[in-house]
>>> print(open('coords03.tsv').read())   # TSV, C-alpha atoms
chain	number	residue	atom	x	y	z
A	1	MET	CA	-7.61	-28.27	13.93
A	2	THR	CA	-8.80	-26.85	10.66
A	3	VAL	CA	-7.51	-24.17	8.33
A	4	LEU	CA	-10.55	-22.05	7.57
A	5	ASP	CA	-11.24	-20.30	4.28
A	6	ILE	CA	-10.24	-16.63	4.18
A	7	ILE	CA	-12.97	-14.48	2.69
A	8	THR	CA	-11.80	-11.78	0.33
A	9	TYR	CA	-13.18	-8.41	-0.71
A	10	PRO	CA	-15.82	-7.75	-2.14
A	11	ASP	CA	-17.43	-10.24	0.25
A	12	ALA	CA	-19.97	-8.01	2.05
A	13	ARG	CA	-19.15	-9.50	5.46
A	14	LEU	CA	-15.82	-7.66	5.44
A	15	LYS	CA	-17.77	-4.40	5.69
A	16	GLN	CA	-19.95	-5.48	8.63
A	17	VAL	CA	-19.46	-4.71	12.30
A	18	ALA	CA	-18.85	-7.88	14.31
A	19	ASP	CA	-20.80	-8.77	17.47
A	20	GLU	CA	-19.42	-8.85	21.00
A	21	VAL	CA	-18.45	-12.23	22.35
A	22	LYS	CA	-20.61	-13.18	25.35
A	23	MET	CA	-20.11	-16.95	25.67
A	24	PHE	CA	-16.75	-18.27	26.82
A	25	ASP	CA	-17.08	-21.99	26.21
A	26	SER	CA	-15.35	-24.90	24.49
A	27	GLY	CA	-16.81	-23.83	21.15
A	28	LEU	CA	-14.97	-20.53	21.45
A	29	LEU	CA	-11.69	-22.26	22.30
A	30	GLU	CA	-12.06	-24.58	19.34
A	31	PHE	CA	-12.76	-21.68	17.00
A	32	ILE	CA	-9.71	-19.82	18.31
A	33	GLN	CA	-7.54	-22.86	17.57
A	34	ASN	CA	-8.82	-23.00	14.01
A	35	LEU	CA	-8.33	-19.26	13.59
A	36	GLU	CA	-4.80	-19.69	14.85
A	37	GLU	CA	-4.11	-22.43	12.34
A	38	THR	CA	-5.56	-20.27	9.56
A	39	MET	CA	-3.35	-17.32	10.50
A	40	ALA	CA	-0.24	-19.52	10.49
A	41	ALA	CA	-1.11	-20.85	7.04
A	42	GLY	CA	-1.56	-17.37	5.55
A	43	PRO	CA	1.02	-15.13	3.92
A	44	GLY	CA	1.35	-12.66	6.78
A	45	GLY	CA	1.07	-14.69	9.91
A	46	VAL	CA	1.06	-11.69	12.26
A	47	GLY	CA	-2.65	-11.19	12.75
A	48	ILE	CA	-6.11	-12.36	11.86
A	49	ALA	CA	-9.66	-11.33	12.73
A	50	ALA	CA	-12.66	-13.66	12.95
A	51	THR	CA	-14.34	-11.51	10.31
A	52	GLN	CA	-11.75	-12.74	7.80
A	53	VAL	CA	-13.12	-16.26	8.05
A	54	GLY	CA	-16.70	-15.01	7.93
A	55	VAL	CA	-17.40	-15.32	11.66
A	56	MET	CA	-18.90	-12.03	12.82
A	57	GLN	CA	-17.59	-12.09	16.39
A	58	ARG	CA	-15.15	-9.67	18.00
A	59	ILE	CA	-12.21	-12.07	18.11
A	60	ALA	CA	-8.70	-11.44	16.81
A	61	ILE	CA	-5.28	-13.02	17.16
A	62	VAL	CA	-2.08	-11.03	16.93
A	63	ASP	CA	1.40	-12.47	17.14
A	64	VAL	CA	4.27	-10.43	15.74
A	65	SER	CA	6.98	-12.58	17.35
A	66	ASN	CA	7.76	-14.39	14.10
A	67	TYR	CA	8.09	-11.20	12.08
A	68	PRO	CA	11.77	-11.09	11.05
A	69	LYS	CA	12.72	-7.58	12.10
A	70	ILE	CA	10.74	-7.34	15.32
A	71	LYS	CA	12.62	-6.37	18.46
A	72	LYS	CA	12.18	-8.89	21.26
A	73	ALA	CA	11.55	-6.49	24.11
A	74	LYS	CA	8.90	-4.52	22.31
A	75	HIS	CA	5.99	-6.90	21.90
A	76	HIS	CA	3.73	-9.26	23.82
A	77	GLY	CA	4.11	-12.35	21.66
A	78	HIS	CA	1.00	-14.39	21.14
A	79	LEU	CA	-2.24	-12.54	21.97
A	80	ILE	CA	-5.83	-13.65	21.84
A	81	LEU	CA	-8.00	-10.56	21.81
A	82	ILE	CA	-11.70	-10.83	22.55
A	83	ASN	CA	-13.90	-7.73	22.45
A	84	PRO	CA	-10.74	-5.60	22.12
A	85	GLU	CA	-10.91	-1.86	22.64
A	86	ILE	CA	-8.22	0.78	22.22
A	87	VAL	CA	-8.62	3.09	25.20
A	88	ASP	CA	-5.72	5.47	24.58
A	89	TRP	CA	-3.44	6.28	21.66
A	90	GLN	CA	-0.59	8.58	20.82
A	91	GLY	CA	1.57	9.53	17.85
A	92	MET	CA	0.77	8.83	14.23
A	93	LYS	CA	2.98	6.99	11.81
A	94	LYS	CA	2.67	5.88	8.23
A	95	GLY	CA	3.38	2.26	7.39
A	96	ARG	CA	2.69	-0.18	4.63
A	97	GLU	CA	-0.04	-2.75	4.95
A	98	GLY	CA	-1.55	-5.54	3.02
A	99	CYS	CA	-4.28	-7.98	3.92
A	100	MET	CA	-5.11	-11.64	3.38
A	101	SER	CA	-8.61	-10.46	2.45
A	102	VAL	CA	-7.25	-8.09	-0.25
A	103	PRO	CA	-4.64	-10.13	-2.15
A	104	ASP	CA	-1.92	-8.58	-4.34
A	105	PHE	CA	-2.13	-5.04	-3.06
A	106	THR	CA	-0.25	-3.09	-0.42
A	107	GLY	CA	-0.58	0.55	0.49
A	108	ASN	CA	0.33	3.17	3.03
A	109	VAL	CA	-1.83	3.70	6.09
A	110	ILE	CA	-1.50	6.02	9.08
A	111	ARG	CA	-1.82	4.34	12.48
A	112	ALA	CA	-1.28	5.37	16.08
A	113	GLU	CA	2.24	4.53	17.20
A	114	ASN	CA	1.48	3.82	20.85
A	115	ILE	CA	-1.77	2.37	22.13
A	116	ILE	CA	-3.28	1.08	25.32
A	117	LEU	CA	-5.50	-1.89	24.58
A	118	ASN	CA	-8.14	-3.51	26.74
A	119	ALA	CA	-9.31	-6.96	25.76
A	120	LEU	CA	-10.60	-10.17	27.24
A	121	ASP	CA	-8.50	-13.30	26.87
A	122	GLU	CA	-9.89	-16.67	25.77
A	123	ASN	CA	-11.09	-17.34	29.34
A	124	GLY	CA	-12.99	-14.07	29.53
A	125	LYS	CA	-10.44	-12.42	31.80
A	126	GLN	CA	-9.86	-8.69	31.35
A	127	GLN	CA	-6.34	-7.77	30.19
A	128	GLU	CA	-4.63	-4.50	29.47
A	129	TYR	CA	-1.66	-4.10	27.12
A	130	GLU	CA	0.55	-1.15	26.34
A	131	MET	CA	2.03	-1.54	22.90
A	132	GLU	CA	3.87	0.30	20.17
A	133	GLY	CA	5.06	0.19	16.60
A	134	PHE	CA	4.48	-2.87	14.47
A	135	GLU	CA	2.47	-4.70	17.13
A	136	ALA	CA	0.24	-1.67	17.74
A	137	ARG	CA	-0.24	-1.40	13.97
A	138	ALA	CA	-1.24	-5.07	13.69
A	139	VAL	CA	-3.80	-4.67	16.49
A	140	GLN	CA	-5.32	-1.59	14.82
A	141	HIS	CA	-5.53	-3.46	11.50
A	142	GLU	CA	-7.36	-6.38	13.14
A	143	ILE	CA	-9.73	-4.23	15.21
A	144	ASP	CA	-10.62	-2.40	12.00
A	145	HIS	CA	-11.77	-5.76	10.59
A	146	LEU	CA	-14.08	-6.19	13.59
A	147	ASP	CA	-15.51	-2.75	12.80
A	148	GLY	CA	-16.04	-3.56	9.11
A	149	LEU	CA	-13.09	-1.52	7.89
A	150	LEU	CA	-10.28	-2.51	5.54
A	151	PHE	CA	-6.88	-0.85	5.17
A	152	LEU	CA	-8.25	0.29	1.82
A	153	ASP	CA	-10.54	2.62	3.80
A	154	ARG	CA	-7.50	4.36	5.28
A	155	LEU	CA	-5.05	4.58	2.37
A	156	VAL	CA	-2.93	7.70	2.11
A	157	SER	CA	-1.01	8.90	-0.91
A	158	ARG	CA	2.76	8.79	-1.04
A	159	ARG	CA	2.85	12.17	-2.66
A	160	ASN	CA	3.57	15.17	-0.42
A	161	ASP	CA	4.48	12.86	2.42
A	162	LEU	CA	7.70	14.78	3.04
A	163	PHE	CA	5.86	17.95	3.96
A	164	LYS	CA	3.33	16.25	6.19
A	165	ARG	CA	6.16	14.73	8.14
A	166	LYS	CA	7.91	18.08	8.41
A	167	TYR	CA	4.93	19.84	9.94
A	168	LYS	CA	4.58	17.16	12.58
A	169	ASP	CA	8.21	17.11	13.75
B	1	MET	CA	-11.22	-14.29	-12.78
B	2	THR	CA	-11.10	-16.11	-16.09
B	3	GLU	CA	-8.07	-15.96	-18.31
B	4	THR	CA	-8.77	-14.04	-21.51
B	5	LYS	CA	-6.93	-14.22	-24.78
B	6	ASN	CA	-7.02	-10.47	-25.24
B	7	LYS	CA	-3.88	-8.45	-25.78
B	8	TRP	CA	-2.57	-5.73	-23.55
B	9	PHE	CA	-1.66	-2.29	-24.80
B	10	MET	CA	0.02	0.61	-23.04
B	11	VAL	CA	-1.85	3.77	-23.95
B	12	THR	CA	-0.09	7.07	-23.28
B	13	LEU	CA	-1.96	10.36	-23.44
B	14	ILE	CA	-0.59	13.83	-22.85
B	15	GLY	CA	-2.17	17.23	-23.21
B	16	LYS	CA	-3.00	20.53	-21.58
B	17	ASP	CA	-4.94	19.85	-18.40
B	18	GLN	CA	-8.66	20.49	-18.41
B	19	PRO	CA	-11.64	19.07	-16.51
B	20	GLY	CA	-13.15	15.85	-17.87
B	21	ILE	CA	-10.15	14.21	-19.52
B	22	VAL	CA	-10.30	10.99	-17.51
B	23	SER	CA	-14.05	10.51	-17.80
B	24	HIS	CA	-14.15	11.19	-21.55
B	25	VAL	CA	-11.18	8.99	-22.39
B	26	THR	CA	-12.29	6.06	-20.25
B	27	ALA	CA	-15.87	6.28	-21.53
B	28	ALA	CA	-14.58	6.02	-25.11
B	29	LEU	CA	-12.49	3.00	-24.14
B	30	TYR	CA	-15.36	1.30	-22.36
B	31	ASP	CA	-17.76	1.92	-25.25
B	32	GLY	CA	-15.16	0.59	-27.68
B	33	GLY	CA	-14.70	-2.69	-25.81
B	34	GLY	CA	-11.47	-1.87	-24.00
B	35	ASN	CA	-10.81	-2.97	-20.43
B	36	LEU	CA	-8.57	-0.99	-18.07
B	37	GLY	CA	-5.77	-2.57	-16.07
B	38	GLU	CA	-3.31	-0.64	-13.92
B	39	THR	CA	-3.04	3.07	-14.66
B	40	SER	CA	-1.11	6.13	-13.61
B	41	MET	CA	-2.66	9.53	-14.23
B	42	MET	CA	-1.41	12.86	-12.98
B	43	ARG	CA	-0.96	16.52	-13.65
B	44	LEU	CA	2.64	17.37	-14.47
B	45	GLY	CA	3.53	20.99	-15.11
B	46	GLY	CA	0.05	22.03	-16.23
B	47	ASN	CA	-0.27	19.04	-18.53
B	48	PHE	CA	-2.29	15.99	-17.76
B	49	SER	CA	-0.56	12.70	-18.38
B	50	ILE	CA	-2.12	9.27	-18.56
B	51	MET	CA	-0.48	5.90	-18.83
B	52	MET	CA	-2.82	2.97	-18.77
B	53	MET	CA	-2.84	-0.72	-19.43
B	54	VAL	CA	-5.72	-1.49	-21.76
B	55	GLU	CA	-6.92	-4.97	-22.59
B	56	PHE	CA	-8.37	-5.04	-26.07
B	57	SER	CA	-9.17	-7.78	-28.56
B	58	GLY	CA	-8.50	-5.81	-31.75
B	59	ARG	CA	-5.42	-4.41	-33.40
B	60	THR	CA	-3.44	-1.29	-32.57
B	61	LYS	CA	-5.09	0.67	-35.37
B	62	GLU	CA	-8.56	-0.28	-34.09
B	63	LEU	CA	-7.72	0.85	-30.56
B	64	HIS	CA	-6.40	4.07	-32.03
B	65	ASP	CA	-9.73	4.58	-33.81
B	66	VAL	CA	-11.64	3.91	-30.58
B	67	LEU	CA	-9.78	6.75	-28.89
B	68	SER	CA	-8.96	9.25	-31.62
B	69	THR	CA	-12.29	11.12	-31.69
B	70	VAL	CA	-12.11	11.97	-28.01
B	71	THR	CA	-8.36	12.60	-27.94
B	72	ASP	CA	-8.63	14.93	-30.93
B	73	SER	CA	-11.46	16.85	-29.32
B	74	LEU	CA	-9.50	17.20	-26.06
B	75	ASP	CA	-6.28	17.96	-27.95
B	76	LEU	CA	-4.42	15.04	-26.39
B	77	HIS	CA	-1.38	13.42	-27.90
B	78	LEU	CA	-2.04	9.68	-28.19
B	79	HIS	CA	0.53	6.91	-28.30
B	80	ILE	CA	-0.16	3.17	-28.22
B	81	ASP	CA	2.22	0.26	-27.73
B	82	GLN	CA	1.25	-3.37	-27.67
B	83	ILE	CA	2.93	-4.80	-24.59
B	84	ASP	CA	3.71	-8.09	-22.95
B	85	ALA	CA	1.94	-7.57	-19.62
B	86	LYS	CA	0.22	-9.31	-16.77
B	87	LEU	CA	-1.91	-8.21	-13.87
B	88	HIS	CA	-1.29	-9.42	-10.30
B	89	GLU	CA	2.45	-8.90	-10.61
B	90	HIS	CA	2.84	-6.39	-7.78
B	91	ARG	CA	6.10	-6.40	-5.90
B	92	ILE	CA	6.32	-5.12	-2.37
B	93	PRO	CA	8.92	-2.39	-1.86
B	94	ASP	CA	11.16	-2.67	1.18
B	95	VAL	CA	12.63	0.84	1.21
B	96	ARG	CA	11.29	4.34	0.81
B	97	ILE	CA	13.81	7.06	-0.01
B	98	SER	CA	13.15	10.78	0.00
B	99	VAL	CA	15.67	13.19	-1.47
B	100	TYR	CA	15.29	16.94	-1.54
B	101	GLY	CA	17.47	19.95	-2.13
B	102	ALA	CA	17.95	23.16	-4.08
B	103	ASP	CA	17.00	22.34	-7.65
B	104	ARG	CA	19.76	21.98	-10.16
B	105	ALA	CA	20.44	19.93	-13.25
B	106	GLY	CA	21.42	16.32	-12.68
B	107	ILE	CA	19.99	15.56	-9.24
B	108	VAL	CA	17.93	12.59	-10.39
B	109	SER	CA	20.64	11.07	-12.55
B	110	LYS	CA	23.36	11.44	-9.93
B	111	VAL	CA	21.26	10.19	-7.03
B	112	THR	CA	19.78	7.24	-8.90
B	113	ALA	CA	23.18	6.26	-10.33
B	114	VAL	CA	24.65	5.96	-6.83
B	115	LEU	CA	21.59	4.10	-5.55
B	116	ALA	CA	21.50	1.72	-8.53
B	117	GLU	CA	25.15	0.91	-7.88
B	118	ALA	CA	24.16	0.01	-4.31
B	119	GLY	CA	21.45	-2.37	-5.49
B	120	LEU	CA	18.30	-0.25	-5.58
B	121	ASN	CA	15.58	-1.46	-7.91
B	122	ILE	CA	13.10	1.40	-8.34
B	123	LEU	CA	9.45	0.35	-8.35
B	124	ASP	CA	8.00	3.83	-8.14
B	125	LEU	CA	9.43	7.33	-8.42
B	126	GLU	CA	7.67	10.64	-8.12
B	127	SER	CA	9.34	13.99	-8.13
B	128	ASP	CA	8.26	17.58	-7.86
B	129	VAL	CA	9.74	21.01	-8.21
B	130	ALA	CA	8.51	23.16	-5.33
B	131	GLY	CA	9.77	26.31	-3.65
B	132	ASP	CA	9.44	29.52	-5.67
B	133	LYS	CA	10.78	30.63	-9.03
B	134	ASP	CA	13.93	32.20	-7.58
B	135	LYS	CA	14.68	29.33	-5.24
B	136	PRO	CA	13.29	26.13	-6.71
B	137	LEU	CA	13.38	23.03	-4.58
B	138	TYR	CA	13.60	19.51	-5.96
B	139	ILE	CA	11.74	16.78	-4.09
B	140	MET	CA	11.89	13.12	-5.03
B	141	HIS	CA	10.22	10.05	-3.52
B	142	ILE	CA	11.33	6.60	-4.42
B	143	GLU	CA	9.95	3.25	-3.37
B	144	GLY	CA	11.97	0.22	-4.28
B	145	GLU	CA	13.71	-2.99	-3.46
B	146	ALA	CA	17.09	-3.05	-1.75
B	147	SER	CA	18.54	-6.01	-3.63
B	148	GLU	CA	21.87	-5.74	-1.82
B	149	GLY	CA	20.44	-4.85	1.57
B	150	VAL	CA	19.49	-1.63	3.28
B	151	LYS	CA	22.98	-0.97	4.66
B	152	ALA	CA	24.42	-0.63	1.15
B	153	LEU	CA	21.74	1.93	0.31
B	154	GLU	CA	22.32	3.86	3.52
B	155	SER	CA	26.02	4.18	2.73
B	156	ALA	CA	25.16	5.25	-0.79
B	157	LEU	CA	22.78	7.89	0.50
B	158	GLN	CA	25.51	9.26	2.74
B	159	ILE	CA	27.65	9.74	-0.36
B	160	VAL	CA	24.75	11.40	-2.15
B	161	LYS	CA	24.28	13.85	0.71
B	162	GLU	CA	27.94	14.76	0.98
B	163	GLU	CA	28.77	14.97	-2.71
B	164	HIS	CA	25.62	16.52	-4.05
B	165	GLY	CA	24.52	18.76	-1.20
B	166	VAL	CA	21.01	17.33	-0.91
B	167	ASP	CA	19.08	16.08	2.08
B	168	ALA	CA	18.00	12.49	1.99
B	169	GLN	CA	16.43	9.90	4.18
B	170	LEU	CA	15.74	6.24	3.91
B	171	VAL	CA	12.97	4.44	5.74
B	172	GLU	CA	12.68	0.68	5.77
B	173	ILE	CA	9.21	-0.45	4.86
B	174	ASP	CA	7.88	-3.19	7.11
B	175	THR	CA	4.78	-4.40	5.37
B	176	LEU	CA	2.13	-5.77	7.67
B	177	ILE	CA	-0.12	-8.40	6.13
B	178	GLY	CA	-3.04	-8.73	8.52
>>> encode(input="coords03.tsv", output="structure tokens")
Amino acid sequence: MTVLDIITYPDARLKQVADEVKMFDSGLLEFIQNLEETMAAGPGGVGIAATQVGVMQRIAIVDVSNYPKIKKAKHHGHLILINPEIVDWQGMKKGREGCMSVPDFTGNVIRAENIILNALDENGKQQEYEMEGFEARAVQHEIDHLDGLLFLDRLVSRRNDLFKRKYKD
Amino acid sequence: MTETKNKWFMVTLIGKDQPGIVSHVTAALYDGGGNLGETSMMRLGGNFSIMMMVEFSGRTKELHDVLSTVTDSLDLHLHIDQIDAKLHEHRIPDVRISVYGADRAGIVSKVTAVLAEAGLNILDLESDVAGDKDKPLYIMHIEGEASEGVKALESALQIVKEEHGVDAQLVEIDTLIG
């Protein structure tokens, strides 16, 4: 297995839309292993998109199980997401994000709190996941990469946050 | 990025708000060989305030001369300090605290004293006076590090609420690095 190089902004590939995966072969499995290794070696370790290593294919890995404060019952552990698509979402919540492709910066981003996600697994089998909170946030962050978006495209200001929250409640 | 031998200065500018302050000031800096680092710029009470890290190879007096024409014309008060500074030193806050209540003297000092005692290191604080003239409302947002844990801060906030009659909430910040 190989730790791949993470590309960082302003690399233009981070702003490109990735292609759908059509071939489920040994090459794909090998790439997923390398992507896995790369995610584990990075500072976050909860998610990575193929785009971040310069491979423009709709492949992401999310695994929030090692995140210190995560509640056991509320996540799916290790997920390989191929051609992922969010088919339903509910609730909006602000959280802080950073990115291996944008070092030394974190900022606040609004994400859906609950999502229903359709994706193929590494064998091309259709899966559906219902997820919430931190895991749902990680998935949205990674799918954004596949669509050529960074968390920098979704930053919100801290200021006036109190009132926004009040209107919603 | 290559390491440069230039010095860092903190440039503070304050004056009555008007359109064009940022563009004029930063153009003068750019033309004079200055390089911007991190900055904070905002309107406070009808004044515009700027604090910016400026990398510059000359002396304080020379940086002053680079800026003085434009700051004089915009009627901005200019202050320059040479500072010991570095970029890429961001720290990630782990708590966000909001405090609000009827405005009265001492809210910030009392609240921050209790929180400091409980281990809060403030990285960022913004506050506003809202409401109307008869019933002003004080609103404060803090992001910081809970050096003695979140529990200690939660207990401290409870004291703040009871003793000072303000509303307050603490949210733990779980930063996702994806």
>>> interface_residues(input="coords03.tsv", of="chain A", to="chain B", cutoff="6 Å", atoms="all atoms listed in the file", output="list in words")
Gly44, Gly47, Ile48, Arg96, Glu97, Gly98 and Cys99 of chain A
>>> closest_residue(input="coords03.tsv", among="A:Val139, A:Val102, A:Leu81, A:Leu146", to="Gln126 in chain A", atoms="only C-alpha atoms")
A:Leu81
>>> residues_around(input="coords03.tsv", residues="Met131 in chain A", least_positions_apart="3", cutoff="9 Å", atoms="all atoms listed in the file", output="list in words")
Lys74, His75, His76, Glu113, Asn114, Ile115, Ile116, Leu117, Phe134, Glu135 and Ala136 of chain A
>>> residues_around(input="coords03.tsv", residues="range 23-38 of chain B", least_positions_apart="3", cutoff="6 Å", atoms="all atoms listed in the file", output="MDAnalysis selection string")
chainID B and resid 20 53:56 66
>>> closest_residue(input="coords03.tsv", among="A:Gln16, A:Gly124, A:Phe24, A:Ser157", to="Asp144 in chain A", atoms="all atoms listed in the file")
A:Gln16
>>> closest_residue(input="coords03.tsv", among="B:Asn6, B:Thr12, B:Thr71, B:Gln18", to="Asp84 in chain B", atoms="only C-alpha atoms")
B:Asn6
>>> atom_distance(input="coords03.tsv", atom1="CA of Val62 in chain A", atom2="CA of Val95 in chain B")
24.6 Å
>>> closest_residue(input="coords03.tsv", among="B:Glu62, B:Asp134, B:Asp17, B:Asp72", to="Gly46 in chain B", atoms="all atoms listed in the file")
B:Asp17
>>> atom_distance(input="coords03.tsv", atom1="CA of Trp89 in chain A", atom2="CA of Val109 in chain A")
15.9 Å
